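Asker: One file: final.tsv (TSV, C-alpha atoms and all ligand atoms).
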```tsv
chain	number	residue	atom	x	y	z
A	36	MET	CA	-10.98	-9.38	-26.84
A	37	GLN	CA	-10.27	-11.40	-23.66
A	38	PRO	CA	-8.58	-9.49	-20.82
A	39	PHE	CA	-4.90	-10.31	-20.78
A	40	THR	CA	-3.68	-12.67	-18.03
A	41	ARG	CA	-0.51	-14.35	-19.39
A	42	PHE	CA	1.58	-11.92	-17.39
A	43	SER	CA	4.82	-13.88	-17.44
A	44	SER	CA	4.81	-13.93	-21.26
A	45	VAL	CA	5.46	-10.17	-21.51
A	46	THR	CA	8.89	-9.12	-22.77
A	47	SER	CA	10.41	-5.84	-23.95
A	48	LYS	CA	9.10	-6.72	-27.43
A	49	THR	CA	5.44	-7.16	-26.45
A	50	ASP	CA	3.07	-4.67	-28.05
A	51	LEU	CA	1.04	-3.54	-25.04
A	52	ALA	CA	-1.45	-1.64	-27.21
A	53	ARG	CA	-2.85	-5.02	-28.28
A	54	LEU	CA	-3.58	-6.12	-24.72
A	55	ASP	CA	-6.76	-5.59	-22.72
A	56	PHE	CA	-6.29	-4.64	-19.03
A	57	ASP	CA	-10.00	-4.28	-18.18
A	58	TRP	CA	-10.05	-7.20	-15.78
A	59	HIS	CA	-13.23	-8.36	-14.12
A	60	GLU	CA	-13.22	-10.30	-10.88
A	61	LYS	CA	-13.30	-13.62	-12.71
A	62	ASP	CA	-10.22	-12.73	-14.81
A	63	LEU	CA	-8.13	-11.51	-11.91
A	64	PRO	CA	-9.71	-12.54	-8.59
A	65	GLU	CA	-8.98	-10.75	-5.35
A	66	ARG	CA	-6.84	-13.59	-3.98
A	67	ASP	CA	-4.43	-13.06	-6.92
A	68	ARG	CA	-4.43	-9.29	-6.56
A	69	THR	CA	-3.58	-9.69	-2.87
A	70	LYS	CA	-1.15	-12.60	-3.24
A	71	HIS	CA	1.51	-13.19	-0.57
A	72	VAL	CA	2.83	-10.01	1.06
A	73	HIS	CA	0.56	-7.71	-0.91
A	74	ARG	CA	-1.97	-8.28	1.84
A	75	LEU	CA	0.04	-7.74	5.00
A	76	HIS	CA	-2.02	-4.70	5.96
A	77	PRO	CA	-5.00	-2.85	4.42
A	78	TYR	CA	-4.08	0.23	2.43
A	79	LEU	CA	-6.42	2.45	0.49
A	80	GLY	CA	-5.04	3.49	-2.90
A	81	LYS	CA	-3.01	0.41	-3.93
A	82	TYR	CA	-2.61	-0.49	-7.53
A	83	VAL	CA	-2.88	-3.92	-9.14
A	84	PRO	CA	0.39	-5.92	-8.89
A	85	GLN	CA	-0.23	-7.68	-12.20
A	86	LEU	CA	-0.42	-4.32	-13.98
A	87	VAL	CA	2.93	-3.41	-12.43
A	88	GLU	CA	4.36	-6.78	-13.47
A	89	VAL	CA	3.36	-6.23	-17.11
A	90	PHE	CA	4.95	-2.78	-17.32
A	91	LEU	CA	8.11	-3.78	-15.47
A	92	ARG	CA	8.58	-6.77	-17.76
A	93	LYS	CA	8.20	-4.43	-20.72
A	94	TYR	CA	10.36	-1.49	-19.62
A	95	ALA	CA	12.57	-2.19	-16.59
A	96	ARG	CA	16.23	-3.00	-17.01
A	97	ARG	CA	18.12	-3.04	-13.71
A	98	ILE	CA	16.80	-0.55	-11.20
A	99	VAL	CA	13.31	0.78	-10.68
A	100	LEU	CA	12.21	3.85	-8.73
A	101	ASP	CA	8.75	4.43	-7.28
A	102	PRO	CA	8.58	8.03	-5.97
A	103	PHE	CA	5.14	7.34	-4.38
A	104	SER	CA	5.77	3.82	-3.16
A	105	GLY	CA	2.84	3.63	-0.69
A	106	SER	CA	2.35	0.07	0.50
A	107	GLY	CA	5.20	-1.13	-1.74
A	108	THR	CA	3.43	-2.82	-4.68
A	109	THR	CA	6.11	-1.77	-7.19
A	110	LEU	CA	8.94	-2.86	-4.91
A	111	VAL	CA	7.43	-6.27	-4.22
A	112	GLU	CA	6.90	-6.92	-7.93
A	113	ALA	CA	10.36	-5.61	-8.88
A	114	SER	CA	12.01	-7.83	-6.28
A	115	THR	CA	10.28	-10.97	-7.55
A	116	LEU	CA	11.19	-10.12	-11.16
A	117	GLY	CA	14.86	-9.58	-10.30
A	118	PHE	CA	15.17	-5.77	-10.43
A	119	ASP	CA	16.75	-3.59	-7.75
A	120	ALA	CA	14.18	-1.14	-6.41
A	121	VAL	CA	13.98	2.15	-4.54
A	122	GLY	CA	10.78	3.49	-3.01
A	123	VAL	CA	10.05	6.96	-1.66
A	124	ASP	CA	7.12	7.91	0.52
A	125	VAL	CA	6.29	10.86	2.72
A	126	SER	CA	4.40	8.67	5.20
A	127	LEU	CA	6.61	6.82	7.67
A	128	PHE	CA	4.07	4.07	8.22
A	129	ASN	CA	3.92	3.39	4.48
A	130	CYS	CA	7.71	3.16	4.41
A	131	LEU	CA	7.62	0.70	7.30
A	132	LEU	CA	4.96	-1.41	5.57
A	133	ALA	CA	6.84	-1.50	2.27
A	134	LYS	CA	10.11	-2.33	4.06
A	135	VAL	CA	8.50	-5.17	6.00
A	136	LYS	CA	7.02	-6.58	2.79
A	137	THR	CA	10.30	-6.59	0.91
A	138	ASP	CA	12.78	-7.49	3.69
A	139	VAL	CA	14.84	-10.67	3.53
A	140	TYR	CA	13.84	-13.07	6.33
A	141	ASP	CA	15.45	-16.12	7.79
A	142	VAL	CA	12.10	-17.89	7.82
A	143	GLN	CA	13.03	-20.50	10.41
A	144	LYS	CA	14.32	-17.87	12.84
A	145	LEU	CA	11.20	-15.82	12.21
A	146	GLU	CA	8.91	-18.76	12.93
A	147	ARG	CA	10.75	-19.56	16.17
A	148	GLU	CA	10.62	-15.96	17.32
A	149	ALA	CA	6.93	-15.63	16.42
A	150	ARG	CA	6.09	-18.80	18.37
A	151	ASP	CA	7.98	-17.44	21.33
A	152	ILE	CA	6.00	-14.19	21.17
A	153	ALA	CA	2.67	-16.04	20.90
A	154	GLN	CA	3.55	-18.10	24.01
A	155	ALA	CA	4.81	-15.11	25.97
A	156	PHE	CA	1.58	-13.28	25.11
A	157	LEU	CA	-0.36	-15.91	27.03
A	158	ASP	CA	1.97	-15.71	30.09
A	159	GLU	CA	2.64	-11.98	30.14
A	160	PRO	CA	0.78	-9.87	32.76
A	161	ALA	CA	-1.49	-7.11	31.47
A	162	SER	CA	0.20	-3.91	30.40
A	163	ASP	CA	-0.09	-0.93	32.73
A	164	GLU	CA	0.57	1.55	29.92
A	165	ALA	CA	-2.40	3.83	29.18
A	166	GLY	CA	-2.19	4.54	25.45
A	167	THR	CA	-3.03	7.89	23.86
A	168	PRO	CA	-6.46	9.60	24.14
A	169	TYR	CA	-7.20	8.56	20.52
A	170	LEU	CA	-6.44	4.90	21.28
A	171	ARG	CA	-8.58	5.04	24.43
A	172	GLU	CA	-11.45	6.50	22.46
A	173	TRP	CA	-11.30	4.03	19.56
A	174	LEU	CA	-10.48	0.77	21.33
A	175	HIS	CA	-12.34	-1.22	23.95
A	176	PRO	CA	-10.24	-1.21	27.18
A	177	ARG	CA	-9.57	-4.94	26.80
A	178	SER	CA	-8.44	-4.56	23.17
A	179	LEU	CA	-6.15	-1.72	24.15
A	180	ARG	CA	-4.61	-3.71	27.02
A	181	GLU	CA	-3.94	-6.64	24.68
A	182	LEU	CA	-2.43	-4.47	21.97
A	183	LEU	CA	-0.16	-2.68	24.44
A	184	ARG	CA	0.91	-6.01	25.90
A	185	PHE	CA	1.87	-7.22	22.42
A	186	ARG	CA	3.66	-3.95	21.73
A	187	ARG	CA	5.78	-4.40	24.84
A	188	LEU	CA	6.54	-8.01	23.94
A	189	ILE	CA	7.89	-7.27	20.47
A	190	ARG	CA	10.33	-4.53	21.53
A	191	GLY	CA	13.90	-5.31	20.58
A	192	ARG	CA	13.02	-8.50	18.69
A	193	ARG	CA	14.95	-9.37	15.54
A	194	TYR	CA	11.86	-8.96	13.36
A	195	GLU	CA	10.24	-6.20	15.42
A	196	ASP	CA	9.17	-4.23	12.33
A	197	LEU	CA	7.18	-7.17	11.01
A	198	TYR	CA	5.37	-7.58	14.34
A	199	LYS	CA	4.66	-3.85	14.36
A	200	VAL	CA	2.67	-4.36	11.17
A	201	VAL	CA	0.79	-7.28	12.79
A	202	LEU	CA	0.10	-5.02	15.77
A	203	CYS	CA	-1.29	-2.22	13.59
A	204	ARG	CA	-3.38	-4.53	11.44
A	205	SER	CA	-4.92	-5.99	14.61
A	206	ALA	CA	-5.56	-2.53	16.03
A	207	ARG	CA	-7.33	-1.55	12.81
A	208	SER	CA	-9.63	-4.57	13.05
A	209	ALA	CA	-10.25	-4.07	16.76
A	210	ARG	CA	-11.25	-0.41	16.46
A	211	LEU	CA	-14.74	0.49	17.61
A	212	ALA	CA	-15.60	1.34	14.01
A	213	PRO	CA	-18.77	0.13	12.32
A	214	HIS	CA	-17.97	-2.54	9.70
A	215	HIS	CA	-19.34	-0.34	6.93
A	216	GLU	CA	-16.93	2.46	7.82
A	217	LEU	CA	-13.59	0.69	8.27
A	218	ASP	CA	-11.86	2.93	5.72
A	219	PHE	CA	-13.11	6.25	7.08
A	220	PRO	CA	-14.77	5.71	10.48
A	221	LYS	CA	-16.52	8.81	11.80
A	222	GLU	CA	-17.37	7.94	15.38
A	223	PRO	CA	-16.66	4.99	17.68
A	224	VAL	CA	-19.66	2.74	18.40
A	225	SER	CA	-20.30	1.62	21.94
A	226	GLY	CA	-23.04	-0.99	21.49
A	227	PRO	CA	-24.92	-3.03	18.85
A	228	TYR	CA	-25.55	-1.09	15.63
A	229	ARG	CA	-27.33	-1.63	12.32
A	230	CYS	CA	-24.48	-2.71	10.04
A	231	ARG	CA	-24.77	-1.60	6.42
A	232	LYS	CA	-22.09	-4.02	5.30
A	233	HIS	CA	-23.64	-7.20	6.71
A	234	SER	CA	-27.30	-5.99	6.72
A	235	ARG	CA	-27.84	-7.08	10.31
A	236	LEU	CA	-27.20	-6.02	13.87
A	237	CYS	CA	-23.46	-6.14	14.60
A	238	ARG	CA	-21.57	-5.59	17.84
A	239	PRO	CA	-18.30	-3.74	18.27
A	240	THR	CA	-15.40	-6.05	19.04
A	241	GLN	CA	-14.15	-6.22	22.62
A	242	GLY	CA	-10.76	-7.83	22.24
A	243	ALA	CA	-7.69	-7.78	20.02
A	244	ALA	CA	-6.06	-11.10	20.98
A	245	LYS	CA	-7.89	-13.08	18.30
A	246	PHE	CA	-6.73	-10.64	15.63
A	247	LEU	CA	-3.13	-10.71	16.88
A	248	ARG	CA	-3.08	-14.51	16.73
A	249	ARG	CA	-4.79	-14.72	13.34
A	250	TYR	CA	-2.69	-12.00	11.68
A	251	LEU	CA	0.58	-13.33	13.10
A	252	GLU	CA	-0.16	-16.71	11.48
A	253	ASP	CA	-1.34	-15.13	8.24
A	254	THR	CA	1.74	-12.91	8.06
A	255	LEU	CA	4.09	-15.87	8.49
A	256	GLU	CA	2.32	-17.73	5.72
A	257	ARG	CA	2.57	-14.77	3.37
A	258	VAL	CA	6.22	-14.04	4.16
A	259	ARG	CA	7.08	-17.72	3.60
A	260	GLU	CA	5.50	-17.61	0.16
A	261	TYR	CA	7.20	-14.35	-0.80
A	262	ALA	CA	10.59	-15.59	0.46
A	263	ARG	CA	10.40	-18.38	-2.13
A	264	LEU	CA	9.84	-15.86	-4.93
A	265	ARG	CA	12.07	-12.96	-3.90
A	266	LYS	CA	15.25	-12.62	-5.95
A	267	PRO	CA	18.54	-11.57	-4.30
A	268	VAL	CA	18.18	-7.90	-5.27
A	269	SER	CA	18.45	-4.71	-3.26
A	270	VAL	CA	15.28	-2.91	-2.11
A	271	ARG	CA	15.60	0.46	-0.41
A	272	LEU	CA	13.01	2.73	1.17
A	273	LEU	CA	13.60	6.47	1.44
A	274	HIS	CA	11.38	8.50	3.68
A	275	GLY	CA	10.72	12.05	2.52
A	276	ASP	CA	9.14	14.41	0.05
A	277	ALA	CA	9.69	13.14	-3.50
A	278	ARG	CA	9.77	16.74	-4.78
A	279	SER	CA	13.05	17.50	-3.07
A	280	LEU	CA	14.66	14.27	-1.86
A	281	ARG	CA	17.96	13.41	-3.54
A	282	LEU	CA	17.18	10.31	-5.59
A	283	PRO	CA	19.51	7.55	-6.78
A	284	LEU	CA	20.27	6.95	-10.47
A	285	VAL	CA	17.69	4.59	-12.02
A	286	ASP	CA	16.63	3.33	-15.45
A	287	THR	CA	12.85	3.06	-14.91
A	288	VAL	CA	10.17	4.85	-12.91
A	289	MET	CA	6.96	2.97	-12.13
A	290	THR	CA	4.39	4.65	-9.92
A	291	SER	CA	0.83	5.62	-9.05
A	292	PRO	CA	0.66	9.16	-7.66
A	293	PRO	CA	-2.00	10.26	-5.18
A	294	TYR	CA	-5.23	11.40	-6.84
A	295	VAL	CA	-6.27	14.97	-6.17
A	296	GLY	CA	-8.45	15.41	-3.06
A	297	LEU	CA	-9.17	11.73	-2.53
A	298	ILE	CA	-7.22	10.26	0.40
A	299	ASP	CA	-5.39	11.53	3.48
A	300	TYR	CA	-2.54	9.05	3.56
A	301	HIS	CA	-1.41	9.67	7.13
A	302	GLU	CA	-4.91	9.88	8.55
A	303	GLN	CA	-6.01	6.55	7.06
A	304	HIS	CA	-3.47	4.87	9.38
A	305	ARG	CA	-3.91	7.09	12.39
A	306	TYR	CA	-4.10	4.11	14.79
A	307	ALA	CA	-0.65	3.05	13.55
A	308	TYR	CA	0.90	6.48	14.13
A	309	GLU	CA	-0.57	6.54	17.63
A	310	LEU	CA	0.49	3.02	18.54
A	311	LEU	CA	4.00	3.27	17.15
A	312	GLY	CA	4.57	6.90	18.14
A	313	LEU	CA	5.61	7.83	14.60
A	314	PRO	CA	5.93	11.48	13.57
A	315	ARG	CA	3.51	12.64	10.86
A	316	HIS	CA	4.21	14.78	7.81
A	317	ASP	CA	0.67	15.46	6.59
A	318	GLY	CA	1.67	18.92	5.38
A	319	SER	CA	3.98	17.43	2.74
A	320	GLU	CA	1.34	15.17	1.16
A	321	ILE	CA	0.50	16.09	-2.42
A	322	GLY	CA	-3.26	16.36	-3.12
A	323	PRO	CA	-4.66	15.18	0.24
A	324	ALA	CA	-8.43	14.86	0.74
A	325	SER	CA	-8.26	17.49	3.48
A	326	ARG	CA	-7.36	20.14	0.88
A	327	GLY	CA	-10.26	19.15	-1.40
A	328	SER	CA	-10.37	19.49	-5.17
A	329	SER	CA	-10.99	23.19	-5.66
A	330	ARG	CA	-9.27	25.03	-8.52
A	331	LYS	CA	-6.50	26.09	-6.18
A	332	ALA	CA	-6.11	22.52	-4.85
A	333	LYS	CA	-5.83	21.19	-8.40
A	334	ALA	CA	-3.26	23.83	-9.36
A	335	ASP	CA	-1.16	23.03	-6.24
A	336	TYR	CA	-1.49	19.33	-6.97
A	337	ARG	CA	-0.30	19.72	-10.55
A	338	GLU	CA	2.65	21.82	-9.45
A	339	GLY	CA	3.59	19.23	-6.82
A	340	ILE	CA	3.36	16.29	-9.22
A	341	ALA	CA	5.39	18.18	-11.85
A	342	ALA	CA	8.11	18.83	-9.25
A	343	VAL	CA	8.27	15.10	-8.39
A	344	PHE	CA	8.65	14.01	-12.01
A	345	ALA	CA	11.19	16.74	-12.74
A	346	ASN	CA	13.17	15.43	-9.76
A	347	CYS	CA	12.88	11.87	-11.15
A	348	ALA	CA	13.90	13.02	-14.64
A	349	ARG	CA	17.18	14.37	-13.26
A	350	ARG	CA	18.11	10.88	-12.03
A	351	LEU	CA	16.59	8.75	-14.79
A	352	GLU	CA	18.82	7.36	-17.52
A	353	LYS	CA	18.37	9.02	-20.91
A	354	GLY	CA	15.88	6.88	-22.86
A	355	GLY	CA	14.52	5.35	-19.63
A	356	HIS	CA	10.74	5.12	-19.18
A	357	ALA	CA	8.37	6.43	-16.55
A	358	VAL	CA	5.06	4.54	-16.25
A	359	ILE	CA	2.39	6.46	-14.36
A	360	VAL	CA	-0.94	4.93	-13.34
A	361	VAL	CA	-3.45	7.61	-12.39
A	362	GLY	CA	-7.15	8.45	-12.32
A	363	ASP	CA	-7.00	11.67	-14.32
A	364	ARG	CA	-10.60	12.79	-14.40
A	365	HIS	CA	-9.61	16.44	-14.03
A	366	ASP	CA	-7.29	16.14	-17.03
A	367	LEU	CA	-4.24	17.34	-15.13
A	368	TYR	CA	-1.72	15.09	-16.84
A	369	SER	CA	-2.29	15.80	-20.57
A	370	ASP	CA	0.75	18.00	-21.16
A	371	LEU	CA	2.54	17.46	-17.89
A	372	HIS	CA	5.41	15.43	-19.41
A	373	LYS	CA	6.61	18.49	-21.35
A	374	GLU	CA	7.14	20.41	-18.12
A	375	CYS	CA	9.22	17.70	-16.49
A	376	GLY	CA	11.65	16.63	-19.21
A	377	PHE	CA	9.78	13.71	-20.79
A	378	GLU	CA	8.14	12.83	-24.08
A	379	LEU	CA	4.84	10.97	-24.21
A	380	VAL	CA	5.13	7.47	-25.69
A	381	ASP	CA	1.73	5.95	-24.96
A	382	ARG	CA	-1.46	6.47	-23.04
A	383	PHE	CA	-3.79	3.58	-22.18
A	384	GLU	CA	-7.19	3.90	-20.55
A	385	ARG	CA	-8.26	1.08	-18.27
A	386	HIS	CA	-11.79	0.47	-17.05
A	387	VAL	CA	-11.59	-0.40	-13.37
A	388	ASN	CA	-14.40	-2.68	-12.26
A	389	ARG	CA	-15.11	-2.58	-8.59
A	390	ARG	CA	-16.71	-5.77	-7.44
A	391	THR	CA	-18.80	-5.21	-4.34
A	392	GLY	CA	-18.90	-3.11	-1.22
A	393	LEU	CA	-19.71	0.46	-0.49
A	394	ARG	CA	-16.92	1.79	-2.70
A	395	SER	CA	-18.21	-0.15	-5.70
A	396	HIS	CA	-18.28	2.57	-8.31
A	397	ASP	CA	-16.51	1.97	-11.62
A	398	PHE	CA	-13.96	4.42	-12.95
A	399	TYR	CA	-11.24	4.87	-15.55
A	400	GLU	CA	-7.55	4.80	-14.85
A	401	SER	CA	-4.93	6.12	-17.26
A	402	ILE	CA	-1.56	4.50	-17.79
A	403	LEU	CA	0.89	7.03	-19.15
A	404	VAL	CA	4.20	5.96	-20.61
A	405	TRP	CA	6.78	8.73	-20.78
A	406	ARG	CA	10.35	8.57	-22.05
A	407	ARG	CA	13.27	10.61	-20.77
B	1	LIG	C1	-1.62	6.22	-4.71
B	1	LIG	S1	-0.55	6.02	-3.37
B	1	LIG	C2	0.64	4.87	-3.96
B	1	LIG	C3	0.18	3.46	-3.76
B	1	LIG	C4	1.15	2.41	-4.22
B	1	LIG	N1	1.28	2.39	-5.66
B	1	LIG	C5	0.69	1.06	-3.73
B	1	LIG	O1	0.28	0.22	-4.54
B	1	LIG	O2	0.68	0.85	-2.51
B	1	LIG	C6	0.33	7.53	-3.30
B	1	LIG	C7	1.39	7.63	-2.20
B	1	LIG	O3	2.06	8.88	-2.36
B	1	LIG	C8	2.50	9.29	-1.08
B	1	LIG	N2	2.81	10.73	-1.16
B	1	LIG	C9	1.98	11.79	-1.15
B	1	LIG	N3	2.68	12.94	-1.24
B	1	LIG	C10	4.00	12.60	-1.32
B	1	LIG	C11	5.21	13.34	-1.44
B	1	LIG	N4	5.23	14.68	-1.45
B	1	LIG	N5	6.38	12.65	-1.50
B	1	LIG	C12	6.39	11.29	-1.45
B	1	LIG	N6	5.27	10.55	-1.31
B	1	LIG	C13	4.09	11.19	-1.26
B	1	LIG	C14	1.35	8.94	-0.16
B	1	LIG	O4	1.78	8.83	1.17
B	1	LIG	C15	0.89	7.60	-0.77
B	1	LIG	O5	1.47	6.53	-0.08
```
Write out the structure in this file as structure tokens.

Answerer:
Amino acid sequence: MQPFTRFSSVTSKTDLARLDFDWHEKDLPERDRTKHVHRLHPYLGKYVPQLVEVFLRKYARRIVLDPFSGSGTTLVEASTLGFDAVGVDVSLFNCLLAKVKTDVYDVQKLEREARDIAQAFLDEPASDEAGTPYLREWLHPRSLRELLRFRRLIRGRRYEDLYKVVLCRSARSARLAPHHELDFPKEPVSGPYRCRKHSRLCRPTQGAAKFLRRYLEDTLERVREYARLRKPVSVRLLHGDARSLRLPLVDTVMTSPPYVGLIDYHEQHRYAYELLGLPRHDGSEIGPASRGSSRKAKADYREGIAAVFANCARRLEKGGHAVIVVGDRHDLYSDLHKECGFELVDRFERHVNRRTGLRSHDFYESILVWRR
């Protein structure tokens, strides 16, 4: 069987059990998985937009909820398919990122403003702000000066939130992190080092201006493309804990929950929290890496996830579906639907092929379809 790629042909009548979602790089290349705004900022733990598209085409009717919206994949796909969407996330930076991806832009005004910022960046005197100890430790003094100058320049602008994302993406690239440790850097490097990603001697970067310029351009390009596809629907982001937040009424839930003990979602964007001065809510994350995957951690995780889906069930139309994409190697989801007011309709297993890089292990992902 050939992996399925005729995504736009899916309708509510399509029998998904007949389709193969085990894409290899050649079937679904990275440039398609990171099309338009999906690549405005790196984010560990994203799911594949085309998978979301297939399941939304099959099950969504008018309004979709993602209680773990992360970088906003569900919301971006829903908005290009013509569904209203609501996303919830406990991390403020993730909410900002998803909002920026799905906002409506006057593209001409945005381009004018961005040009103005790029020009002012050249004329503006260096910033005399100092930055936090973390930023001083992880950024070369020149990079930090440039980032703080940009931060000052974007304050109060019409599309400030979008530039904040450009700022954070540039800071991430400018960090004194070895290339082979960009996801989880342990210590800043101060001189040339043996790079395990490029198999040669690499040097830490000493400036952020080139990243700011490059990412500003790239962001405009991506937003332009998305603006052509986005339908006039409503997209809302709610910041908070999905276990207890009051949710709106919806007809479909589409989500990928955190995996137990794998990622610290606030910590992975620490530079962003420091640069933007955002408050953190690490303690409300379900299943963070910092709590590991002990028996107790797994039990807490399961309880937390059950509380989120019970909360969703209260606001989901009777007969509405919840599609949950999760790596369930600890078998924590088998009977979970019964505890949260759902019946199990389907369960697909998908072989996830990782292409290259240091995280290139293969694994299985389950797609659970529950009905209210
Ligand atoms: C696997 S990621 C979702 C990724 C998303 N599907 C995407 O493609 O970007 C899980 C998300 O759940 C969020 N999260 C963890 N605990 C939460 C909680 N108690 N309430 C709401 N969101 C939470 C994390 O911040 C993270 O963004």

Asker: Could you pull the residues within 10 Å of stretch 245-253 of chain A, counting all atoms listed in the file, minus those fewer than 6 positions along the same chain, as a PyMOL selection string?

Answerer: chain A and resi 71-72+74-76+146+149-150+152-153+156+178+181-182+185+197-198+200-209+259

Asker: Do a neighbour search on A:Val285 at 9 Å with all atoms listed in the file, toss out local chain neighbours closer than 4 positions, and write the hits as a CSV table (one decimal) with C-alpha atoms, in the coordinates of the input.

Answerer:
```csv
chain,number,residue,atom,x,y,z
A,97,ARG,CA,18.1,-3.0,-13.7
A,98,ILE,CA,16.8,-0.6,-11.2
A,99,VAL,CA,13.3,0.8,-10.7
A,100,LEU,CA,12.2,3.8,-8.7
A,120,ALA,CA,14.2,-1.1,-6.4
A,121,VAL,CA,14.0,2.2,-4.5
A,347,CYS,CA,12.9,11.9,-11.2
A,350,ARG,CA,18.1,10.9,-12.0
A,351,LEU,CA,16.6,8.8,-14.8
A,352,GLU,CA,18.8,7.4,-17.5
A,355,GLY,CA,14.5,5.4,-19.6
```

Asker: Kindly work out which residues sit at most 9 Å from ligand LIG 1 (chain B), using only C-alpha atoms and all ligand atoms, and give the list as a count of residues only.

Answerer: 55

Asker: Would you mind reading off the distance between atom CA of A:Gly191 and atom CA of A:Asp119, one decimal, in Å?

Answerer: 28.5 Å

Asker: Tell me, in Å to one decimal, how far atom CA of A:Pro239 is from atom CA of A:Gly226.

Answerer: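 These atoms are spaced 6.4 Å apart.
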
Asker: Which residue out of A:Pro38, A:Gly362, A:Gly296, A:Gly122 has the minimum interatomic distance to A:Lys333 when all atoms listed in the file are used?

Answerer: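 Going through A:Pro38, A:Gly362, A:Gly296, A:Gly122 one by one, the smallest distance to A:Lys333 is for A:Gly296.
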
Asker: What lies within 10 Å of A:Tyr169 using all atoms listed in the file, ignoring chain neighbours under 5 positions off, as a list in words?

Answerer: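 With the cut-off at 10 Å, the set is Leu174, Arg305, Tyr306, Glu309 and Leu310 of chain A.
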
Asker: Considering only C-alpha atoms, can you say which of A:Glu148, A:Arg177, A:Leu379, A:Arg349 comes closest to A:Ala161?

Answerer: A:Arg177
